[in-house]
Structure formats: C-alpha cells, structure tokens
Amino acid sequence: MTALDTDLVSVALRDPLALIAWPVPRWEALIRQARRADLLSRLAVALKDARLLEEVPAAPRAHLEAALVVAQAQEEAVRREVSYINKAIGPIGVDIVLLKGAAYLVGGLPAAKGRVFSDVDILVPKQALPEVEAALMVHGWATTHHDAYDQRYYRQWMHELPPLRHATRATVLDVHHAILPETARLKPDSGQLLAASVPAAGDMRFRVLAPADMVLHSATHLFHNEELSHGLRDLADLDCLLHDFGLRSGFWQELTERASDLDLARPLYYGLRYAMQMLGTPVPREALTAVDISHPSRLLRPLMDALFLRALRPDHPSAADHLTPLARRALYVRAHWLRMPPHLLAYHLTRKAFRRRSVNAA
Amino acid sequence: MIVSDLSATELSRRLAGSGVRLRTGPVIALVQSPLPSVGEGIALHYSDHRLGEPEEFADFQVRVGPPPNIRRWLRPQALFHFDGKQPFKPLPAEQAFPMLEWGLNWCVSANSHQYLIVHSAVIEKQGRAVILPAPPGSGKSTLCAGLVTRGWRLLSDELTLIEPESGNIVPLARPVSLKNASIDVIRRFSPQAVLGPTVHDTTKGSIAYMKPPVESVRRSAETARPGWVILPRYEAGTAARLKPLGKARAFMQLANNAFNYSLHGRRGFEVLAGVIERCGCYEFTYGNLEEAIAVFDDPLRAG
C-alpha cells in the first residue's frame, strides 16, 4: 500500500457523493482516519447536508451519528461558555473578539458545522489584559501553569495568557492579545486586526475578525503550529472559510492585500497551496498570482511540500509512510524556529529538556 | 463461524497477524495481539462469540502488544493501541487480557454515543431487563455473575447501552469481571461457571473473568425493555431485602452513572425519564447470593 493515495479523509471531504459507492473496507479505514483527525463530525454534517447520511451503510453510519451527537453537545457547550465569558468581561467594557471555532459558531459561519471544539479563544487589546484577567478570575477562571518559568514564558514571550481553566466547569479559555508570539519572525499588528473586527452575526455582544483577517489567522495558526496532528482539521476550516467568503465580491483582492499589510503573505501562500492540493479548495488565479511572490525559494518548495503533504494527513498509520514521523518532527522544529529567535529558542528548549528529565526522575 | 471453530494455533496466528474480528453485540472489534495470554483469554472467554467476516466492518481496531522500547526485555509490559493511539499507560504483561477488556469497554464508552451509555450491569428474563447501577465495591458484578449462572440472560456487566429512539437496551455480552473476594464467591456458588486465571495486583486488585453463558452470547442481537432499576448493596450478614426507591433518586442514579448523559442534552433527559417511568425502582441489600437470587426470581417476576 503506498501512503500517498490513502488519505481517505481529504478524498471524502472533496466529494461526499462518491462515498456512497465505497466498499466496506474503505469505509472502515475512512472512519478510523477521520476519528483520529477529529473530522468525523465534519464528514457527518457534509453527508447530512447532502441528504446522503441515510445512504451510508449502517455500520459506518453509526459512527457518524455518534459524532453528530458529540458535535451538537459541543456546540451548545461553546454557546454557553461564551455567554459566561461575556458575563465576566462585558461589564468592564472591553470588546471581546472571538477567535477560531467560537468565532465561526457565533459568527454563524458554515465552518462551525460539525467542527470539534477544544478551548475557547478570545482576542483583547494588550493594554486591557490585566483588567480582563482580573475580571475572569473574579468569575472563577484560574491560571493553569503555576511554575514561574511557564508564567514568564507566556507573559513575556507568547501572544496569550497562560491558559485559564474554570474552577467548576473545567473549561479552558485562551486569552490572546496577538495572533503570533511576541518573539515570532512575522509581526502582524493586533491593532489593525481589532480595528477591522466586526460584530458577530449571530450575537451582537461579541465581535469576530473581518473575513480576510479570519482566513489569515486560520492559515497563520496552522502554519506556525508545532503540532500538526490536527492539521487537516484546521485545513478543513480554511477550506470552509474560503468556500464561504470566496463568493463575496472583492474578497480575494482584499485577502491578498491584507496579507501583505499584516506581514502574513507566506502563511497565506501555504494555506492556499495545501487547501487546493489536498481539499480542492477553489482559489481564483489572480489570488494565486498575488501570493505566489511569497513562495519559498525554488529549492525549498519541494521540501516544504514533502513535509506538509505528509504532516497534514490524518495522524493514523494507514495514512502514513516511513517518512511521516520525520516530517512531523521537522515541522515541530520549524514551528519553534519561526516562533522564537535562536538564542531564546536554545534557552527555552534547554529548560524544557532539563525539566522533562527531572519530571521523569521524580 | 465462532471463535471455538478456530484451533488454538490458528487463533494465535490470526491474532499475531491481521487480527480477529470479534462480534460482541452490536460491536465488531478487530483484535490483534502477539501475546499468548491474550490469545488464551480470548479462546477461553469468547469461545461462543461469532467471528465477523473478513470484509465485515470493524467498529474498533485494537491491539495489545509489547511497548516498542528497551523495557520489554527488562520487565515485560503490555500496551493498548486504538487507531494508532495509546490512550493508556503500559501495564505489566500479566495484565494483558484485563487490559484488552478495559480497552474494549473504553472504546465503546468513549465513542459509541449513538447510545446513551450507563455504567451498570444489566440482565434480562422474559424480555424485561434489570439495570443494576452501583459504585464499585457494591457487589454489583457478583450479583450479576450469580444471576446469569441461574438462568438470567447477561446483557452486560459494565455498559448498559440504551437506544434513544426506542428506549430499549442493546446487549453487549462479554466476559464478566470479578474482583477480589467475589472470585471465590462465584467459584463456590457455581462450580460449573467458567473462570479464567486470576490476575493479581491490578489497579482494581485481583481480577478474574467469567465466561458469559452461551445462551446470552447467542441471543446478543435481541434487545430488551427496561423493567427494573435496582441499586444493589452487599452487606455481610444481612437478609436479602428490597426497598422501594423514589423515582427521582433512581433517575439521578442513572444520570450520575451515565458516561455520556450530558452529550445527549435534552434528549438524554427524556430518554432516561422514559426508562425510569417504565421501571420498578428499588434498593436491594443482600448478604447471601442464594437468597438474593430467590428474591430476584420471585417477586420481580410478578412485577
């Protein structure tokens, strides 16, 4: 079996209609890969919307239906959670900009359909952080990292507070003041993102990033992430956003111009390239030409393709080849490299290595 | 074809190779393991279970094998794999078969959310099921094992699968886990019961599995209507006694013991309320298994 034709999840997301004719063993591999990639419920929703769910053979359909139950519950949980967040932060008069999954959901976007949620992410102005953190603490959120080094790591270098966990609900909230670490090579200006944010269509108490910025954040997050085991889920988000916004007039030009303004043309280049290659996302030629100037050098491009086209696949043995572990490792190092300058990175990794050793020894 | 149609050699060859498709109620698990104790455990406890066809859809692909590191030579261990992931820490190799059992329970409770899943034993007679939710140590498994050796049908000793549409219970007849003192209790109570070797020093103490009765395995496609919710409690030296349990408290017992009650939201509430509505609800204290079974066989049948 050659690995490069067995990413069944991408195949399925591209063309749900074709699934109906699949033989059972192929369904079996698809369900496993999709579960591992956190895309089982996305797939279930795609089939349901196409009125195809009933056509799926009963055994795999049971798994899709189970995933729909989870997706529905998570959707309700996120809606409740953002309400609690508003109750805590609303009174201090700071605008809450929802990011990622919560933004897609409250913004009423198709990208929320069947998405698996983990934490809620919000963006607030950096100068409002102390106030926001205090308000959240009064309402039961507490910091999760108690180690002094971790606190410094987040507060001095990162783009977010250490994750906050609610004492009774155990939900996790990430409060961001930027979309990339302070130490990262690329420096998108948070002020511009906040200024362009728009009221969320589904609930005017919240704001979400403007369409172009939402796409740029999704791409930036994906291509700076150390861990790509859920990379395909994030790429599917990007695919949904582009399908949806791509129909609005002027969107593509706005997107590419905004990418250069915010210093995010390279992640957008990768995002468009791999969304097209893996998920068949429709991207107009002009948009491609506009970001093509940001491509990596010709020498580097085949290497990046070899790495990303492996690491973005479902993290399941049936979708991997012998180079997949190496690709994941290499991209882990790359992401750290992009997130921190070399001296800081060396210091940080040394700290982490020593700490891991002492934890293991204990 | 059932498991005992395979010779021991053929079973271990398949387990070490492409795996064996074990049908347990609505679930087919594709099990792989190169470890002899897992093969022996399956041969003993699953001998009456149907094997899936080679192309039949397997719900869960699991593997119990040695971990891929140097420690395997120092202190043999077993690691559970599910879809290329290792959800649990490795255990000593002697615990490989219990690990398979725990792992299979986990696969269902963590994934099969098309059902409302309650952590409880469940048995059936004449089409009506008795749900026995109770914390560990309450004697729930002992009672369940005792009852199924005396003609009650085993639906499950751990996982009550409720079909939301119908409110019926879907059987998942698998080996019954017996812990510590209850292993000898059942050996004495029912000398014909088939028990596997006792594995010591697990996180749950000593553990042995009882093979499910052949009738329960054969009828594992037959669902049952919930008839009673009974909260068992073993208390040394007391007479077997049923005491009515308020419906609200019975409801909370089921909800608190459900793995995925919150995932089902409003529908979960309605399904459980429907179950409680139809059930006779009791607390049950017993100090002697023989007496306990007489109580179950007698007044319960009357309604």
# chains A, B, ... in the order shown; residues from 1 in each chain; ligands from 1
call {"tool": "residues_around", "arguments": {"residues": "Leu147 (chain B)", "least_positions_apart": "5", "cutoff": "10 Å", "atoms": "only C-alpha atoms", "output": "number ranges by chain"}}
result
B: 123-124, 141-142, 152-154, 289-290, 292-294, 296-297
call {"tool": "write_last_selection", "arguments": {"atoms": "C-alpha atoms", "output": "compact mmCIF listing (two decimals), in the first residue's frame"}}
result
# COMPACT_ATOMS: atom_id res chain seq x y z
CA ILE B 123 -29.54 -8.69 32.87
CA GLU B 124 -32.81 -9.92 31.40
CA SER B 141 -20.72 -7.72 39.43
CA THR B 142 -21.02 -10.58 41.93
CA TRP B 152 -30.85 -14.78 33.71
CA ARG B 153 -29.52 -13.54 30.39
CA LEU B 154 -26.39 -11.40 30.56
CA LEU B 289 -26.12 -14.74 46.99
CA GLU B 290 -28.51 -17.71 47.15
CA ALA B 292 -30.54 -12.68 46.67
CA ILE B 293 -31.32 -14.76 43.63
CA ALA B 294 -34.51 -16.10 45.18
CA PHE B 296 -34.89 -11.69 42.01
CA ASP B 297 -36.63 -14.77 40.67
call {"tool": "closest_atom_pairs", "arguments": {"of": "region 56-122 of chain A", "to": "region 207-220 of chain A", "cutoff": "8 Å", "atoms": "only C-alpha atoms", "output": "JSON lines"}}
result
{"residue": "A:Asp95", "atom": "CA", "partner": "A:Arg207", "partner_atom": "CA", "distance": 7.1}
{"residue": "A:Ile96", "atom": "CA", "partner": "A:Arg207", "partner_atom": "CA", "distance": 6.0}
{"residue": "A:Val97", "atom": "CA", "partner": "A:Arg207", "partner_atom": "CA", "distance": 4.5}
{"residue": "A:Leu98", "atom": "CA", "partner": "A:Val208", "partner_atom": "CA", "distance": 5.2}
{"residue": "A:Leu99", "atom": "CA", "partner": "A:Val208", "partner_atom": "CA", "distance": 6.6}
{"residue": "A:Lys100", "atom": "CA", "partner": "A:Ser218", "partner_atom": "CA", "distance": 7.1}
{"residue": "A:Ala103", "atom": "CA", "partner": "A:Val208", "partner_atom": "CA", "distance": 5.8}
{"residue": "A:Gly107", "atom": "CA", "partner": "A:Val208", "partner_atom": "CA", "distance": 6.9}
call {"tool": "closest_atom_pairs", "arguments": {"of": "chain B", "to": "chain A", "cutoff": "10 Å", "atoms": "only C-alpha atoms", "output": "JSON lines"}}
result
{"residue": "B:Pro26", "atom": "CA", "partner": "A:Ala59", "partner_atom": "CA", "distance": 9.0}
{"residue": "B:Val27", "atom": "CA", "partner": "A:Ala59", "partner_atom": "CA", "distance": 8.9}
{"residue": "B:Ile28", "atom": "CA", "partner": "A:Ala59", "partner_atom": "CA", "distance": 9.4}
{"residue": "B:Pro54", "atom": "CA", "partner": "A:Pro25", "partner_atom": "CA", "distance": 9.3}
{"residue": "B:Glu55", "atom": "CA", "partner": "A:Pro25", "partner_atom": "CA", "distance": 6.2}
{"residue": "B:Glu56", "atom": "CA", "partner": "A:Val24", "partner_atom": "CA", "distance": 7.0}
{"residue": "B:Phe57", "atom": "CA", "partner": "A:Glu28", "partner_atom": "CA", "distance": 6.0}
{"residue": "B:Ala58", "atom": "CA", "partner": "A:Glu28", "partner_atom": "CA", "distance": 6.6}
{"residue": "B:Asp59", "atom": "CA", "partner": "A:Ala59", "partner_atom": "CA", "distance": 7.5}
{"residue": "B:Phe60", "atom": "CA", "partner": "A:Arg32", "partner_atom": "CA", "distance": 8.1}
{"residue": "B:Gln61", "atom": "CA", "partner": "A:Arg32", "partner_atom": "CA", "distance": 8.4}
{"residue": "B:Phe82", "atom": "CA", "partner": "A:Arg32", "partner_atom": "CA", "distance": 9.4}
{"residue": "B:Asp83", "atom": "CA", "partner": "A:Arg32", "partner_atom": "CA", "distance": 6.2}
{"residue": "B:Gly84", "atom": "CA", "partner": "A:His316", "partner_atom": "CA", "distance": 5.7}
{"residue": "B:Lys85", "atom": "CA", "partner": "A:His316", "partner_atom": "CA", "distance": 8.2}
{"residue": "B:Asn111", "atom": "CA", "partner": "A:Ala66", "partner_atom": "CA", "distance": 7.0}
{"residue": "B:Ser112", "atom": "CA", "partner": "A:Ala66", "partner_atom": "CA", "distance": 5.9}
{"residue": "B:His113", "atom": "CA", "partner": "A:Ala66", "partner_atom": "CA", "distance": 4.4}
{"residue": "B:Gln114", "atom": "CA", "partner": "A:Ala66", "partner_atom": "CA", "distance": 4.4}
{"residue": "B:Tyr115", "atom": "CA", "partner": "A:Ala66", "partner_atom": "CA", "distance": 7.8}
{"residue": "B:Asn260", "atom": "CA", "partner": "A:Val70", "partner_atom": "CA", "distance": 9.2}
{"residue": "B:Ser262", "atom": "CA", "partner": "A:Ala73", "partner_atom": "CA", "distance": 7.5}
{"residue": "B:Leu263", "atom": "CA", "partner": "A:Ala73", "partner_atom": "CA", "distance": 5.0}
{"residue": "B:His264", "atom": "CA", "partner": "A:Val69", "partner_atom": "CA", "distance": 6.5}
{"residue": "B:Gly265", "atom": "CA", "partner": "A:Ala73", "partner_atom": "CA", "distance": 6.8}
call {"tool": "select_by_dssp", "arguments": {"residues": "region 201-238 of chain B", "states": "alpha helix (DSSP H)", "output": "VMD selection string"}}
result
chain B and resid 214 to 218
call {"tool": "write_last_selection", "arguments": {"atoms": "C-alpha atoms", "output": "short mmCIF file (atom, residue, chain, number, x, y, z; two decimals), in the first residue's frame"}}
result
data_model
loop_
_atom_site.label_atom_id
_atom_site.label_comp_id
_atom_site.auth_asym_id
_atom_site.auth_seq_id
_atom_site.Cartn_x
_atom_site.Cartn_y
_atom_site.Cartn_z
CA VAL B 214 -23.60 -19.49 25.74
CA GLU B 215 -27.31 -18.60 25.60
CA SER B 216 -26.52 -14.92 26.36
CA VAL B 217 -23.94 -14.82 23.59
CA ARG B 218 -26.26 -16.48 21.05
#
call {"tool": "residues_around", "arguments": {"residues": "Ser156 (chain B)", "least_positions_apart": "4", "cutoff": "7 Å", "atoms": "only C-alpha atoms", "output": "ChimeraX atom specification"}}
result
/B:121-123,160,171-174
call {"tool": "write_last_selection", "arguments": {"atoms": "C-alpha atoms", "output": "PDB file, in the first residue's frame"}}
result
ATOM      1  CA  ALA B 121     -24.687  -4.245  34.962  1.00  0.00           C
ATOM      2  CA  VAL B 122     -27.808  -5.317  33.119  1.00  0.00           C
ATOM      3  CA  ILE B 123     -29.541  -8.690  32.874  1.00  0.00           C
ATOM      4  CA  THR B 160     -25.892  -0.536  29.609  1.00  0.00           C
ATOM      5  CA  PRO B 171     -26.903  -6.347  24.743  1.00  0.00           C
ATOM      6  CA  LEU B 172     -23.122  -6.404  24.787  1.00  0.00           C
ATOM      7  CA  ALA B 173     -22.492  -9.874  26.238  1.00  0.00           C
ATOM      8  CA  ARG B 174     -18.800 -10.035  27.132  1.00  0.00           C
TER       9      ARG B 174
END
call {"tool": "residues_around", "arguments": {"residues": "Arg329 (chain A)", "least_positions_apart": "2", "cutoff": "10 Å", "atoms": "only C-alpha atoms", "output": "number ranges by chain"}}
result
A: 226-228, 307, 311, 324-327, 331-334
call {"tool": "write_last_selection", "arguments": {"atoms": "N, CA and C atoms", "output": "mmCIF file, in the first residue's frame"}}
result
data_model
loop_
_atom_site.group_PDB
_atom_site.id
_atom_site.type_symbol
_atom_site.label_atom_id
_atom_site.label_comp_id
_atom_site.auth_asym_id
_atom_site.auth_seq_id
_atom_site.Cartn_x
_atom_site.Cartn_y
_atom_site.Cartn_z
ATOM 1 N N GLU A 226 3.238 23.835 16.256
ATOM 2 C CA GLU A 226 4.284 22.811 16.410
ATOM 3 C C GLU A 226 3.712 21.436 16.124
ATOM 4 N N GLU A 227 2.403 21.328 16.364
ATOM 5 C CA GLU A 227 1.790 20.017 16.387
ATOM 6 C C GLU A 227 0.768 19.956 15.274
ATOM 7 N N LEU A 228 1.008 19.108 14.285
ATOM 8 C CA LEU A 228 0.088 19.089 13.153
ATOM 9 C C LEU A 228 -0.827 17.868 13.154
ATOM 10 N N LEU A 307 7.166 17.793 3.305
ATOM 11 C CA LEU A 307 6.888 17.801 4.749
ATOM 12 C C LEU A 307 5.404 18.005 5.020
ATOM 13 N N ALA A 311 2.606 15.691 6.857
ATOM 14 C CA ALA A 311 2.178 16.012 8.224
ATOM 15 C C ALA A 311 0.724 16.448 8.307
ATOM 16 N N THR A 324 6.776 9.883 7.371
ATOM 17 C CA THR A 324 5.844 10.736 8.095
ATOM 18 C C THR A 324 6.357 11.175 9.481
ATOM 19 N N PRO A 325 6.907 10.247 10.285
ATOM 20 C CA PRO A 325 7.388 10.690 11.604
ATOM 21 C C PRO A 325 8.467 11.770 11.487
ATOM 22 N N LEU A 326 9.333 11.606 10.500
ATOM 23 C CA LEU A 326 10.405 12.576 10.288
ATOM 24 C C LEU A 326 9.823 13.937 9.886
ATOM 25 N N ALA A 327 8.824 13.908 9.013
ATOM 26 C CA ALA A 327 8.187 15.153 8.564
ATOM 27 C C ALA A 327 7.563 15.878 9.753
ATOM 28 N N LEU A 331 8.771 19.585 11.163
ATOM 29 C CA LEU A 331 7.868 20.734 11.228
ATOM 30 C C LEU A 331 7.706 21.225 12.661
ATOM 31 N N TYR A 332 7.903 20.334 13.608
ATOM 32 C CA TYR A 332 7.880 20.727 15.012
ATOM 33 C C TYR A 332 9.033 21.703 15.274
ATOM 34 N N VAL A 333 10.199 21.332 14.767
ATOM 35 C CA VAL A 333 11.375 22.189 14.939
ATOM 36 C C VAL A 333 11.175 23.506 14.175
ATOM 37 N N ARG A 334 10.639 23.399 12.951
ATOM 38 C CA ARG A 334 10.413 24.603 12.145
ATOM 39 C C ARG A 334 9.503 25.594 12.877
#
call {"tool": "residues_around", "arguments": {"residues": "Gly140 (chain A)", "least_positions_apart": "6", "cutoff": "9 Å", "atoms": "only C-alpha atoms", "output": "ChimeraX atom specification"}}
result
/A:165-168
call {"tool": "write_last_selection", "arguments": {"atoms": "C-alpha atoms", "output": "PDB file, in the first residue's frame"}}
result
ATOM      1  CA  ARG A 165      -9.377  26.929  33.464  1.00  0.00           C
ATOM      2  CA  HIS A 166     -12.747  27.490  35.049  1.00  0.00           C
ATOM      3  CA  ALA A 167     -12.802  26.114  38.566  1.00  0.00           C
ATOM      4  CA  THR A 168     -16.212  24.437  38.391  1.00  0.00           C
TER       5      THR A 168
END
call {"tool": "residues_around", "arguments": {"residues": "Glu277 (chain B)", "least_positions_apart": "6", "cutoff": "12 Å", "atoms": "only C-alpha atoms", "output": "PyMOL selection string"}}
result
chain B and resi 167+226-229+246-248+250-251+269-271
call {"tool": "residues_around", "arguments": {"residues": "region 243-252 of chain A", "least_positions_apart": "2", "cutoff": "9 Å", "atoms": "only C-alpha atoms", "output": "list of chain:residue names"}}
result
A:Leu109, A:Pro110, A:Ala111, A:Pro211, A:Ala212, A:Leu238, A:Asp239, A:Cys240, A:Leu241, A:Glu254, A:Leu255, A:Thr256, A:Glu257, A:Thr281, A:Pro282, A:Val283, A:Pro284, A:Glu286, A:Ala287
call {"tool": "write_last_selection", "arguments": {"atoms": "N, CA and C atoms", "output": "CSV table (one decimal), in the first residue's frame"}}
result
chain,number,residue,atom,x,y,z
A,109,LEU,N,-21.1,31.0,10.8
A,109,LEU,CA,-20.4,30.6,9.5
A,109,LEU,C,-20.5,29.1,9.3
A,110,PRO,N,-20.5,28.7,8.1
A,110,PRO,CA,-20.6,27.2,7.8
A,110,PRO,C,-19.4,26.5,8.4
A,111,ALA,N,-18.3,27.2,8.6
A,111,ALA,CA,-17.1,26.5,9.1
A,111,ALA,C,-17.3,25.9,10.5
A,211,PRO,N,-13.6,39.1,7.5
A,211,PRO,CA,-13.4,37.8,6.8
A,211,PRO,C,-11.9,37.6,6.4
A,212,ALA,N,-11.3,38.6,5.8
A,212,ALA,CA,-9.9,38.3,5.3
A,212,ALA,C,-9.0,38.0,6.5
A,238,LEU,N,-10.1,26.2,7.0
A,238,LEU,CA,-9.7,27.1,6.0
A,238,LEU,C,-10.4,26.9,4.7
A,239,ASP,N,-10.6,25.7,4.3
A,239,ASP,CA,-11.4,25.3,3.1
A,239,ASP,C,-12.8,25.9,3.2
A,240,CYS,N,-13.4,25.6,4.4
A,240,CYS,CA,-14.8,26.1,4.6
A,240,CYS,C,-14.9,27.6,4.5
A,241,LEU,N,-13.9,28.3,5.2
A,241,LEU,CA,-14.0,29.8,5.2
A,241,LEU,C,-13.8,30.3,3.8
A,254,GLU,N,-9.0,41.7,-1.4
A,254,GLU,CA,-8.9,42.2,0.0
A,254,GLU,C,-7.9,41.2,0.8
A,255,LEU,N,-8.1,40.0,0.5
A,255,LEU,CA,-7.4,39.0,1.3
A,255,LEU,C,-5.9,39.1,1.0
A,256,THR,N,-5.5,39.2,-0.3
A,256,THR,CA,-4.1,39.2,-0.7
A,256,THR,C,-3.5,40.5,-0.3
A,257,GLU,N,-4.2,41.6,-0.4
A,257,GLU,CA,-3.6,42.9,0.1
A,257,GLU,C,-3.4,42.9,1.6
A,281,THR,N,-9.9,23.2,-2.7
A,281,THR,CA,-10.5,24.4,-2.5
A,281,THR,C,-10.4,25.3,-3.7
A,282,PRO,N,-11.5,25.9,-4.2
A,282,PRO,CA,-11.4,26.8,-5.4
A,282,PRO,C,-10.7,28.1,-5.0
A,283,VAL,N,-9.6,28.4,-5.7
A,283,VAL,CA,-8.9,29.7,-5.4
A,283,VAL,C,-8.7,30.3,-6.8
A,284,PRO,N,-9.2,31.6,-7.0
A,284,PRO,CA,-9.0,32.2,-8.3
A,284,PRO,C,-7.5,32.4,-8.7
A,286,GLU,N,-6.0,34.9,-10.0
A,286,GLU,CA,-5.4,36.2,-9.6
A,286,GLU,C,-4.9,36.2,-8.2
A,287,ALA,N,-5.6,35.5,-7.3
A,287,ALA,CA,-5.2,35.4,-5.9
A,287,ALA,C,-3.9,34.6,-5.8
